[in-house]
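The file entry.pdb contains PDB, C-alpha atoms:
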```pdb
ATOM      1  CA  MET A   8      76.283  74.268 103.553
ATOM      2  CA  ASN A   9      73.742  76.967 102.746
ATOM      3  CA  ARG A  10      74.862  79.907 100.653
ATOM      4  CA  THR A  11      75.931  83.069 102.497
ATOM      5  CA  PRO A  12      76.042  86.026 100.065
ATOM      6  CA  GLU A  13      78.855  88.538 100.381
ATOM      7  CA  PRO A  14      78.803  92.224  99.312
ATOM      8  CA  GLU A  15      78.216  92.513  95.578
ATOM      9  CA  LEU A  16      80.930  95.128  95.071
ATOM     10  CA  MET A  17      84.423  95.158  96.532
ATOM     11  CA  GLN A  18      84.977  98.785  97.512
ATOM     12  CA  ASN A  19      86.935  98.686 100.754
ATOM     13  CA  PRO A  20      90.349 100.223  99.891
ATOM     14  CA  SER A  21      92.357  97.640 101.834
ATOM     15  CA  GLN A  22      90.459  94.763 100.209
ATOM     16  CA  VAL A  23      90.829  96.262  96.746
ATOM     17  CA  ARG A  24      94.542  96.836  97.241
ATOM     18  CA  ALA A  25      95.124  93.307  98.529
ATOM     19  CA  TYR A  26      93.165  91.824  95.643
ATOM     20  CA  ALA A  27      94.989  93.954  93.075
ATOM     21  CA  ASP A  28      98.375  92.943  94.490
ATOM     22  CA  ALA A  29      97.591  89.226  94.703
ATOM     23  CA  ASP A  30      98.920  86.694  92.216
ATOM     24  CA  PHE A  31      95.968  85.025  90.509
ATOM     25  CA  SER A  32      97.973  84.285  87.377
ATOM     26  CA  ARG A  33      97.203  80.554  87.317
ATOM     27  CA  SER A  34      93.445  81.019  87.428
ATOM     28  CA  ASP A  35      93.545  84.093  85.184
ATOM     29  CA  SER A  36      95.564  82.315  82.524
ATOM     30  CA  MET A  37      93.064  79.461  82.439
ATOM     31  CA  VAL A  38      90.347  81.803  81.155
ATOM     32  CA  VAL A  39      92.532  82.844  78.232
ATOM     33  CA  LYS A  40      93.563  79.252  77.532
ATOM     34  CA  SER A  41      89.923  78.143  77.549
ATOM     35  CA  LEU A  42      89.024  80.831  75.039
ATOM     36  CA  GLU A  43      91.955  79.855  72.812
ATOM     37  CA  LYS A  44      90.956  76.183  72.913
ATOM     38  CA  TYR A  45      87.315  76.928  72.188
ATOM     39  CA  LEU A  46      88.118  79.193  69.237
ATOM     40  CA  ASP A  47      90.350  76.463  67.821
ATOM     41  CA  LYS A  48      87.689  73.816  68.421
ATOM     42  CA  VAL A  49      84.944  75.686  66.548
ATOM     43  CA  GLY A  50      87.305  77.065  63.879
ATOM     44  CA  ARG A  51      86.597  80.670  64.695
ATOM     45  CA  THR A  52      89.159  83.459  64.402
ATOM     46  CA  LEU A  53      88.840  86.796  66.160
ATOM     47  CA  ASN A  54      89.486  89.881  64.047
ATOM     48  CA  LYS A  55      89.748  93.632  64.499
ATOM     49  CA  SER A  56      85.999  94.134  64.168
ATOM     50  CA  ASP A  57      85.278  91.899  67.179
ATOM     51  CA  LEU A  58      84.552  93.137  70.688
ATOM     52  CA  ILE A  59      85.308  91.332  73.962
ATOM     53  CA  PHE A  60      83.754  92.228  77.334
ATOM     54  CA  ASP A  61      85.302  91.150  80.633
ATOM     55  CA  ILE A  62      82.345  91.174  83.026
ATOM     56  CA  ALA A  63      83.021  92.235  86.639
ATOM     57  CA  CYS A  64      86.628  92.774  85.616
ATOM     58  CA  GLY A  65      87.949  93.993  88.981
ATOM     59  CA  PRO A  66      91.487  95.396  88.670
ATOM     60  CA  GLY A  67      91.741  94.152  85.090
ATOM     61  CA  ASN A  68      93.649  90.892  85.460
ATOM     62  CA  ILE A  69      91.707  89.013  82.789
ATOM     63  CA  ALA A  70      91.077  92.032  80.569
ATOM     64  CA  GLU A  71      94.819  92.716  80.386
ATOM     65  CA  ARG A  72      95.649  89.131  79.471
ATOM     66  CA  VAL A  73      92.945  89.002  76.824
ATOM     67  CA  SER A  74      93.967  92.337  75.299
ATOM     68  CA  LYS A  75      97.613  91.242  75.057
ATOM     69  CA  ASN A  76      96.688  87.870  73.599
ATOM     70  CA  TRP A  77      94.497  89.467  70.918
ATOM     71  CA  PRO A  78      96.080  92.942  70.478
ATOM     72  CA  PHE A  79      94.006  93.671  67.366
ATOM     73  CA  VAL A  80      90.646  93.098  69.146
ATOM     74  CA  LYS A  81      88.937  95.775  71.250
ATOM     75  CA  VAL A  82      88.549  94.694  74.884
ATOM     76  CA  VAL A  83      86.345  96.436  77.449
ATOM     77  CA  GLY A  84      86.397  95.664  81.163
ATOM     78  CA  ILE A  85      83.111  96.345  82.955
ATOM     79  CA  ASP A  86      82.721  96.668  86.716
ATOM     80  CA  GLY A  87      80.469  98.441  89.207
ATOM     81  CA  SER A  88      83.249  99.231  91.688
ATOM     82  CA  LYS A  89      84.945 102.582  91.118
ATOM     83  CA  GLU A  90      87.754 101.541  93.466
ATOM     84  CA  MET A  91      88.483  98.424  91.428
ATOM     85  CA  LEU A  92      88.468 100.350  88.167
ATOM     86  CA  ASN A  93      90.824 102.940  89.656
ATOM     87  CA  GLU A  94      93.327 100.100  90.118
ATOM     88  CA  ALA A  95      92.671  98.870  86.587
ATOM     89  CA  GLU A  96      93.203 102.345  85.145
ATOM     90  CA  LYS A  97      96.470 102.739  87.079
ATOM     91  CA  ARG A  98      97.779  99.551  85.500
ATOM     92  CA  LEU A  99      96.582 100.596  82.086
ATOM     93  CA  SER A 100      98.349 103.954  82.323
ATOM     94  CA  LYS A 101     101.658 102.133  82.877
ATOM     95  CA  SER A 102     101.257  99.781  79.930
ATOM     96  CA  LEU A 103     101.424 100.249  76.183
ATOM     97  CA  THR A 104      98.076  98.519  75.669
ATOM     98  CA  LYS A 105      95.994 100.379  73.104
ATOM     99  CA  ASN A 106      93.028  98.052  72.653
ATOM    100  CA  LEU A 107      91.801  97.990  76.279
ATOM    101  CA  SER A 108      89.423 100.332  78.096
ATOM    102  CA  TYR A 109      87.177 100.232  81.149
ATOM    103  CA  GLU A 110      83.571 101.189  81.867
ATOM    104  CA  LEU A 111      82.029 101.849  85.287
ATOM    105  CA  ILE A 112      78.640 100.149  84.947
ATOM    106  CA  ASP A 113      76.246  98.557  87.426
ATOM    107  CA  ILE A 114      75.712  95.137  85.869
ATOM    108  CA  ASN A 115      72.504  94.633  87.859
ATOM    109  CA  SER A 116      71.181  97.770  86.210
ATOM    110  CA  ILE A 117      71.807  96.333  82.749
ATOM    111  CA  ALA A 118      69.710  93.311  83.635
ATOM    112  CA  SER A 119      66.868  95.473  84.946
ATOM    113  CA  ASP A 120      66.923  97.881  81.967
ATOM    114  CA  GLY A 121      68.167 100.657  84.235
ATOM    115  CA  THR A 122      71.281 101.069  82.100
ATOM    116  CA  HIS A 123      71.390 100.831  78.327
ATOM    117  CA  PHE A 124      74.817  99.955  76.999
ATOM    118  CA  PRO A 125      74.881 100.666  73.256
ATOM    119  CA  PHE A 126      77.427  98.008  72.277
ATOM    120  CA  LYS A 127      77.194  94.222  72.149
ATOM    121  CA  ALA A 128      80.079  91.812  72.392
ATOM    122  CA  ASP A 129      81.275  88.953  70.229
ATOM    123  CA  VAL A 130      82.901  87.356  73.278
ATOM    124  CA  LEU A 131      81.913  87.549  76.957
ATOM    125  CA  VAL A 132      84.313  86.375  79.646
ATOM    126  CA  SER A 133      84.165  86.462  83.426
ATOM    127  CA  ASN A 134      86.173  85.053  86.290
ATOM    128  CA  SER A 135      84.764  84.712  89.808
ATOM    129  CA  ALA A 136      81.906  87.073  88.966
ATOM    130  CA  LEU A 137      78.716  85.046  89.419
ATOM    131  CA  HIS A 138      79.103  84.448  93.161
ATOM    132  CA  HIS A 139      79.125  88.195  93.857
ATOM    133  CA  PHE A 140      75.543  88.598  92.667
ATOM    134  CA  HIS A 141      72.879  88.282  95.329
ATOM    135  CA  ASP A 142      70.464  87.386  92.531
ATOM    136  CA  PRO A 143      72.338  85.230  89.995
ATOM    137  CA  TYR A 144      69.677  85.851  87.363
ATOM    138  CA  CYS A 145      70.797  89.474  87.193
ATOM    139  CA  PHE A 146      74.160  88.179  85.999
ATOM    140  CA  TRP A 147      72.619  85.897  83.382
ATOM    141  CA  GLY A 148      70.147  88.565  82.308
ATOM    142  CA  ALA A 149      72.922  91.094  81.797
ATOM    143  CA  LEU A 150      74.955  88.616  79.742
ATOM    144  CA  LYS A 151      72.011  88.027  77.418
ATOM    145  CA  LYS A 152      71.752  91.763  76.802
ATOM    146  CA  LEU A 153      75.484  92.338  76.386
ATOM    147  CA  GLY A 154      76.167  89.568  73.862
ATOM    148  CA  LYS A 155      75.487  89.491  70.152
ATOM    149  CA  THR A 156      73.821  86.543  68.474
ATOM    150  CA  LYS A 157      76.354  83.663  68.402
ATOM    151  CA  CYS A 158      78.335  85.317  71.180
ATOM    152  CA  ILE A 159      81.069  83.141  72.694
ATOM    153  CA  HIS A 160      80.870  82.677  76.473
ATOM    154  CA  ILE A 161      83.695  81.721  78.839
ATOM    155  CA  HIS A 162      82.761  81.970  82.524
ATOM    156  CA  ARG A 163      84.659  80.555  85.473
ATOM    157  CA  ASP A 164      83.801  80.638  89.164
ATOM    158  CA  LEU A 165      84.220  78.970  92.517
ATOM    159  CA  ILE A 166      82.168  75.979  93.658
ATOM    160  CA  ARG A 167      80.512  76.164  97.073
ATOM    161  CA  PRO A 168      81.860  73.356  99.294
ATOM    162  CA  ALA A 169      79.535  70.952 101.064
ATOM    163  CA  SER A 170      80.387  72.239 104.538
ATOM    164  CA  VAL A 171      81.949  75.085 106.478
ATOM    165  CA  GLU A 172      84.714  72.687 107.481
ATOM    166  CA  LYS A 173      85.503  71.925 103.838
ATOM    167  CA  ALA A 174      85.544  75.637 102.992
ATOM    168  CA  PHE A 175      88.044  76.234 105.788
ATOM    169  CA  GLU A 176      90.154  73.310 104.579
ATOM    170  CA  LEU A 177      90.239  74.682 101.015
ATOM    171  CA  LYS A 178      91.171  78.144 102.270
ATOM    172  CA  GLU A 179      94.118  76.775 104.225
ATOM    173  CA  LYS A 180      95.170  74.483 101.388
ATOM    174  CA  HIS A 181      95.163  77.033  98.572
ATOM    175  CA  LEU A 182      95.930  80.317 100.368
ATOM    176  CA  SER A 183      98.139  79.191 103.227
ATOM    177  CA  ASN A 184     100.820  81.793 102.449
ATOM    178  CA  SER A 185      98.474  84.642 101.501
ATOM    179  CA  PRO A 186      97.726  87.774 103.549
ATOM    180  CA  GLU A 187      94.980  87.281 106.126
ATOM    181  CA  ILE A 188      92.631  89.707 104.362
ATOM    182  CA  LEU A 189      92.793  87.598 101.179
ATOM    183  CA  LYS A 190      92.214  84.388 103.112
ATOM    184  CA  LYS A 191      89.168  85.932 104.764
ATOM    185  CA  ASP A 192      87.765  87.116 101.420
ATOM    186  CA  PHE A 193      88.399  83.742  99.773
ATOM    187  CA  TYR A 194      86.589  81.951 102.582
ATOM    188  CA  ALA A 195      83.642  84.360 102.215
ATOM    189  CA  SER A 196      83.629  83.801  98.454
ATOM    190  CA  LEU A 197      83.511  80.026  98.869
ATOM    191  CA  LYS A 198      80.465  80.380 101.112
ATOM    192  CA  ALA A 199      78.853  82.832  98.656
ATOM    193  CA  SER A 200      79.376  80.600  95.638
ATOM    194  CA  PHE A 201      76.974  78.178  93.992
ATOM    195  CA  THR A 202      77.133  74.435  93.522
ATOM    196  CA  VAL A 203      77.483  73.011  90.022
ATOM    197  CA  GLU A 204      73.917  71.701  90.286
ATOM    198  CA  GLU A 205      72.591  75.143  91.181
ATOM    199  CA  VAL A 206      74.385  76.768  88.259
ATOM    200  CA  SER A 207      73.071  74.088  85.915
ATOM    201  CA  GLN A 208      69.505  74.944  86.960
ATOM    202  CA  GLN A 209      70.207  78.659  86.595
ATOM    203  CA  LEU A 210      71.307  78.138  82.997
ATOM    204  CA  VAL A 211      68.105  76.225  82.247
ATOM    205  CA  ASP A 212      65.932  78.880  83.895
ATOM    206  CA  ALA A 213      67.773  81.700  82.082
ATOM    207  CA  GLY A 214      67.411  80.041  78.682
ATOM    208  CA  LEU A 215      71.150  79.430  78.415
ATOM    209  CA  SER A 216      71.204  75.643  78.682
ATOM    210  CA  GLN A 217      73.041  75.389  75.345
ATOM    211  CA  LEU A 218      76.189  76.465  77.189
ATOM    212  CA  GLU A 219      78.357  73.628  78.493
ATOM    213  CA  LEU A 220      78.947  73.486  82.246
ATOM    214  CA  PHE A 221      81.611  71.292  83.822
ATOM    215  CA  GLN A 222      83.671  71.044  86.984
ATOM    216  CA  VAL A 223      87.346  71.852  86.431
ATOM    217  CA  ASP A 224      88.755  70.843  89.823
ATOM    218  CA  GLU A 225      87.843  70.993  93.511
ATOM    219  CA  LEU A 226      87.618  74.790  93.380
ATOM    220  CA  TYR A 227      86.231  75.814  89.996
ATOM    221  CA  PHE A 228      83.563  75.151  87.409
ATOM    222  CA  GLU A 229      83.617  76.531  83.880
ATOM    223  CA  ILE A 230      80.891  77.485  81.441
ATOM    224  CA  ILE A 231      81.710  77.595  77.762
ATOM    225  CA  GLY A 232      79.849  77.794  74.484
ATOM    226  CA  CYS A 233      78.230  79.962  71.832
ATOM    227  CA  ILE A 234      74.688  81.289  71.973
TER     228      ILE A 234
END
```

Please lay out the structure from this file as structure tokens.
Amino acid sequence: MNRTPEPELMQNPSQVRAYADADFSRSDSMVVKSLEKYLDKVGRTLNKSDLIFDIACGPGNIAERVSKNWPFVKVVGIDGSKEMLNEAEKRLSKSLTKNLSYELIDINSIASDGTHFPFKADVLVSNSALHHFHDPYCFWGALKKLGKTKCIHIHRDLIRPASVEKAFELKEKHLSNSPEILKKDFYASLKASFTVEEVSQQLVDAGLSQLELFQVDELYFEIIGCI
């Protein structure tokens, strides 16, 4: 199946609301668990001087989990959708989280030098971000500019199925009880995603081949490492 890109930013109010209300806790928690395991593996401890960016953070699912798991570390969620960040800010206003904030930034613009962000992160995480970029090298280029030397990377995204039929099968299997708007978006995301082989080549081309890439299950791949 050839890739069919979807809109880079989710800004339709009904889509944003459905996404913000959905339960992605299983997938979201895996990002945090992967970061915990990697830190333990390399013997690295985060401290109050560290900075974590959640790239394309959406309504803040991952950013919230990370900030609660490491309450002494500053966490910044970055997204180009004002509607998504409005949802994230609403959640933040109802919580007691003090180490989390959000920035409205066009990530493509960071890659193209159109936006200069003065801070660099010790840890970069993302979940289901890469497939939203029409040009994946804008994503990788932005990451290189946003991370410090020896920055830890944890990135997770969908794998494009081999056929339209398989994409439909996965949608029905994993979102059978979800609202129709979420099922439609998930199906579009599967078609907009990359294969593991494509992502592997992207990492080589972007000069990020030191990062480890592996398939987690039938839906997701994960990228992890320090560079």

Nearest to Ala174 of chain A, chosen from A:Ser196, A:Glu205, A:Asp113, A:Ile188, with all atoms listed in the file counted in the distances: A:Ser196

If I put a ball of radius 12 Å at (70.3, 76.3, 80.2) in the file's coordinates, which residues poke into it when counting all atoms listed in the file, written as an mmCIF file with C-alpha atoms, in the frame of the given file?
```
data_model
loop_
_atom_site.group_PDB
_atom_site.id
_atom_site.type_symbol
_atom_site.label_atom_id
_atom_site.label_comp_id
_atom_site.auth_asym_id
_atom_site.auth_seq_id
_atom_site.Cartn_x
_atom_site.Cartn_y
_atom_site.Cartn_z
ATOM 1 C CA TYR A 144 69.677 85.851 87.363
ATOM 2 C CA TRP A 147 72.619 85.897 83.382
ATOM 3 C CA GLU A 204 73.917 71.701 90.286
ATOM 4 C CA GLU A 205 72.591 75.143 91.181
ATOM 5 C CA VAL A 206 74.385 76.768 88.259
ATOM 6 C CA SER A 207 73.071 74.088 85.915
ATOM 7 C CA GLN A 208 69.505 74.944 86.960
ATOM 8 C CA GLN A 209 70.207 78.659 86.595
ATOM 9 C CA LEU A 210 71.307 78.138 82.997
ATOM 10 C CA VAL A 211 68.105 76.225 82.247
ATOM 11 C CA ASP A 212 65.932 78.880 83.895
ATOM 12 C CA ALA A 213 67.773 81.700 82.082
ATOM 13 C CA GLY A 214 67.411 80.041 78.682
ATOM 14 C CA LEU A 215 71.150 79.430 78.415
ATOM 15 C CA SER A 216 71.204 75.643 78.682
ATOM 16 C CA GLN A 217 73.041 75.389 75.345
ATOM 17 C CA LEU A 218 76.189 76.465 77.189
ATOM 18 C CA GLU A 219 78.357 73.628 78.493
ATOM 19 C CA LEU A 220 78.947 73.486 82.246
ATOM 20 C CA ILE A 230 80.891 77.485 81.441
ATOM 21 C CA ILE A 231 81.710 77.595 77.762
ATOM 22 C CA GLY A 232 79.849 77.794 74.484
ATOM 23 C CA ILE A 234 74.688 81.289 71.973
#
```

Among listed residues A:Ala136, A:Leu103, A:Ala118, A:Val23, nearest Ala63 of chain A (using only C-alpha atoms):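 For Ala63 of chain A, the nearest of the candidates is A:Ala136.
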
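Residues within 10 Å of Ala95 of chain A, counting all atoms listed in the file and excluding same-chain residues fewer than 6 positions away, are Ala27, Cys64, Gly65, Pro66, Gly67, Asn68, Ala70, Glu71, Gly84, Lys89, Ser108 and Tyr109 of chain A.
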
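Closest approach to Glu15 of chain A among A:His139, A:Lys55, A:Lys151, A:Lys48 is made by A:His139 (distances from all atoms listed in the file).
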
Residues near Ser88 of chain A, cut-off 8 Å, all atoms listed in the file, skip fewer than 4 positions along chain, as JSON, numbers by chain: {"A": [16, 17, 18, 65, 92, 111]}

Interatomic distance, atom CA of Gly50 of chain A to atom CA of Lys157 of chain A (Å, one decimal):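 Straight-line distance from atom CA of Gly50 of chain A to atom CA of Lys157 of chain A works out to 13.6 Å.
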
Atomic separation - atom CA of Asn134 of chain A relative to atom CA of Asp35 of chain A, Å: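 Straight-line distance from atom CA of Asp35 of chain A to atom CA of Asn134 of chain A works out to 7.5 Å.
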
Taking the file as shown, what set of residues would the PyMOL selection byres ((chain A and resi 37) around 12) give back, as a JSON list (two decimals) with C-alpha atoms, in the coordinates of the input?
```json
[["chain", "number", "residue", "atom", "x", "y", "z"],
["A", 31, "PHE", "CA", 95.97, 85.02, 90.51],
["A", 32, "SER", "CA", 97.97, 84.28, 87.38],
["A", 33, "ARG", "CA", 97.20, 80.55, 87.32],
["A", 34, "SER", "CA", 93.44, 81.02, 87.43],
["A", 35, "ASP", "CA", 93.54, 84.09, 85.18],
["A", 36, "SER", "CA", 95.56, 82.32, 82.52],
["A", 38, "VAL", "CA", 90.35, 81.80, 81.16],
["A", 39, "VAL", "CA", 92.53, 82.84, 78.23],
["A", 40, "LYS", "CA", 93.56, 79.25, 77.53],
["A", 41, "SER", "CA", 89.92, 78.14, 77.55],
["A", 42, "LEU", "CA", 89.02, 80.83, 75.04],
["A", 43, "GLU", "CA", 91.96, 79.86, 72.81],
["A", 44, "LYS", "CA", 90.96, 76.18, 72.91],
["A", 68, "ASN", "CA", 93.65, 90.89, 85.46],
["A", 69, "ILE", "CA", 91.71, 89.01, 82.79],
["A", 72, "ARG", "CA", 95.65, 89.13, 79.47],
["A", 73, "VAL", "CA", 92.94, 89.00, 76.82],
["A", 132, "VAL", "CA", 84.31, 86.38, 79.65],
["A", 133, "SER", "CA", 84.16, 86.46, 83.43],
["A", 134, "ASN", "CA", 86.17, 85.05, 86.29],
["A", 161, "ILE", "CA", 83.70, 81.72, 78.84],
["A", 162, "HIS", "CA", 82.76, 81.97, 82.52],
["A", 163, "ARG", "CA", 84.66, 80.56, 85.47],
["A", 164, "ASP", "CA", 83.80, 80.64, 89.16],
["A", 223, "VAL", "CA", 87.35, 71.85, 86.43],
["A", 227, "TYR", "CA", 86.23, 75.81, 90.00],
["A", 228, "PHE", "CA", 83.56, 75.15, 87.41],
["A", 229, "GLU", "CA", 83.62, 76.53, 83.88]]
```

Straight-line distance linking atom CA of Cys233 of chain A with atom CA of Asp61 of chain A, stated in Å to one decimal: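 Distance reported for this atom pair: 15.9 Å.
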
Nearby residues (only C-alpha atoms) at most 8 Å from Ile114 of chain A, same-chain spacing under 4 positions excluded, as number ranges by chain: A: 63, 86-87, 118, 145-146, 149

Explicit residues for the PyMOL selection byres ((chain A and resi 168) around 9) (as a VMD selection string): chain A and resid 8 166 to 167 169 to 174 177 197 to 198 200 to 202 225 to 226
